[in-house]
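Please read the structure below before turning to the comments.
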Amino acid sequence: MAAALSAALFASSAVARAEPLGAGAATEPPSPPPAPTLSVASSPPAASTRPSESSACGAAGLERVAEAARRGTVRITTHTQWGAGFLVDDTHVVTHVSVVERPFRLRVHARDDLSIGAKVVFTDAFERIAILELDAPIPGKALELATSAPAIGSEVVAIGVSVDFGTREDRFPAHRRGLVSDRDDDQLAIDALVGMNHTGGPLLDCQGHVVGILVPSPSWRAAGETPMSHAVPVGKIREARASVGKTPYQSRPGINIGLETMFAGQFEPGRGFIGATVGIPILFAEQWEFLPRFGAFAQVPAESDLHLPIGRTDTLRLVGDMRIGYRIPLVSAPATVSLVPSIGAGWNWDFTQEKTYSLVLEDPTCMNPAAACTFRMVENKQEAWTQAGALFVGLGMHVHAMTFGYELRVLPSPDVKFIHQLSLGLSTF
């Protein structure tokens, strides 16, 4: 009996020592939890170092951003340029001022092939924010503004309009991811260089809320310099929205002045010229273009210019004229394309210089066989100015900043002369 009691006590003591390491310890009431239980309940090491949702988007955050961007980003086109914007309510779009600085034929294009006319109703004093009012509402697609600017180090996504905007509803729009590297009350800086197709587009946080408007990036960047872009913070957007309608919007005059430079060639029977023109195009009444210009052309030497006695003829041609054209828009994106028929009148000045060379004896009386006769070259030069009025008709094409043109110029006096002119150049609008 005593032996059995001793064995039972020994077994009870062994079980009591083993229970803290067993599965039954999890149900015991002692206040300090057993170490193995704490180890099982703790998070994996990778989870403890994962960034929070507010600073890194992750897959779920990017999907929210993509959905917001697909819903509320729009393409804005004018008669001469295009850019991005976003809906803040059913009838208003926010963009950067540079997108609508020439607001002729202003249109807003949504992703479901919807194109709506619009007008500018607000620009801020610093010429960064522009708010457009749509001719018809686009319900249910407005983006939500963030309650505050993102913290430094937060991940953000810059949204723009891609070349295939609107062709695929499920495609993530043109976007660049970056971190907020600096901020103040007037602007945000992000460490990602965005393209011109992002100008005016929304800068979104990981919840798909608007935290800023993207501004144009500089066209140049020094080698090795860190990519950097900027945005107008959300607080300024709220101030702009609150100001709409409080004071009448003063629209800009309906006249825009630009600069045009062209390389050109002129061709006429037996002669060809090459040169350049520079002009100041003035766009008014939305589609009419008035272009005063001046050009200089040099004659391309040909075999027929050489003659005997040895010589050549050079011609410098100066041209001054005024052209009136009418722009017919063909395409608005990804680059504006316009066809421009035109008529005009001007004046041609031709400065002709004819040079001939002949050999002349230094001493016409040198008849002594013992002494060699010497010769010298004599240049004979004749110069003349001729001028004539010119009438012309032309057909040009503007592809964004590139300009192509053909003109048929007629000089009716003193003899009727036809000149064909081809040109290629750049225009600021």
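Identifiers for the structure tokens are assigned positionally: chains receive A, B, ... in sequence, residues are indexed from 1 per chain, and ligands are indexed from 1 in the order shown.
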Please identify every residue of range 190-301 of chain A that has at least one atom no farther than 7 Å from an atom of range 80-92 of chain A, counting only C-alpha atoms, and for each give the shortest atom pair and the distance in Å to one decimal, arranged by chain then increasing number, as JSON lines.
```
{"residue": "A:Asn197", "atom": "CA", "partner": "A:Gly83", "partner_atom": "CA", "distance": 5.7}
{"residue": "A:His198", "atom": "CA", "partner": "A:Ala84", "partner_atom": "CA", "distance": 6.1}
{"residue": "A:Thr199", "atom": "CA", "partner": "A:Ala84", "partner_atom": "CA", "distance": 5.9}
{"residue": "A:Gly200", "atom": "CA", "partner": "A:Ala84", "partner_atom": "CA", "distance": 4.9}
{"residue": "A:Gly201", "atom": "CA", "partner": "A:Gly85", "partner_atom": "CA", "distance": 4.6}
{"residue": "A:Pro202", "atom": "CA", "partner": "A:Phe86", "partner_atom": "CA", "distance": 6.4}
```
Selection: 9 Å around Pro248 in chain A, only C-alpha atoms, excl. self and same-chain fewer than 2 positions, as a PyMOL selection string: chain A and resi 121-122+244-246+250
Excluding range 150-156 of chain A and its own-chain neighbours fewer than 2 positions away, which residues fall within 9 Å of it when counting only C-alpha atoms? Please give them as a ChimeraX atom specification. /A:54-57,146,148,158,176-183,188,190,203-206,211,233
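In this structure, CA of Ile274 in chain A sits 28.6 Å away from CA of Thr336 in chain A.
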Using only C-alpha atoms, can you tell me which of A:Lys141, A:Arg107, A:Arg128, A:Arg376 comes closest to Ile213 in chain A? A:Arg128
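Proximity of A:Ala298, A:Ala60, A:Met377, A:Ala388 to Gln207 in chain A, computed with only C-alpha atoms, is greatest for A:Ala60.
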Per DSSP on the backbone, filter range 160-389 of chain A down to the residues in strand (DSSP E) and report them as a ChimeraX atom specification. /A:175-183,188-190,202-204,210-214,229-233,255-257,260-268,271-279,282-284,288-299,311-326,328-331,337-361,375-389
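Picture a line from CA of His400 in chain A to CA of Leu132 in chain A; it runs 22.6 Å.
Neighbours of range 379-387 of chain A closer than or equal to 6 Å, with only C-alpha atoms counted and sequence neighbours fewer than 5 positions away skipped, come out as Asn348, Trp349, Asp350, Phe351, Thr352, Gln353, Glu354, Lys355, Thr356 and Tyr357 of chain A.
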Just write the chosen residues, C-alpha atoms, as a PDB file, in the first residue's frame.
```
ATOM      1  CA  ASN A 348       9.545  89.630-103.977  1.00  0.00           C
ATOM      2  CA  TRP A 349      12.925  91.360-104.188  1.00  0.00           C
ATOM      3  CA  ASP A 350      15.683  89.657-106.195  1.00  0.00           C
ATOM      4  CA  PHE A 351      19.243  90.873-105.882  1.00  0.00           C
ATOM      5  CA  THR A 352      21.265  89.448-108.776  1.00  0.00           C
ATOM      6  CA  GLN A 353      25.040  89.571-108.945  1.00  0.00           C
ATOM      7  CA  GLU A 354      26.784  88.416-112.119  1.00  0.00           C
ATOM      8  CA  LYS A 355      30.537  87.864-112.011  1.00  0.00           C
ATOM      9  CA  THR A 356      32.763  87.195-115.028  1.00  0.00           C
ATOM     10  CA  TYR A 357      36.519  86.645-115.082  1.00  0.00           C
TER      11      TYR A 357
END
```
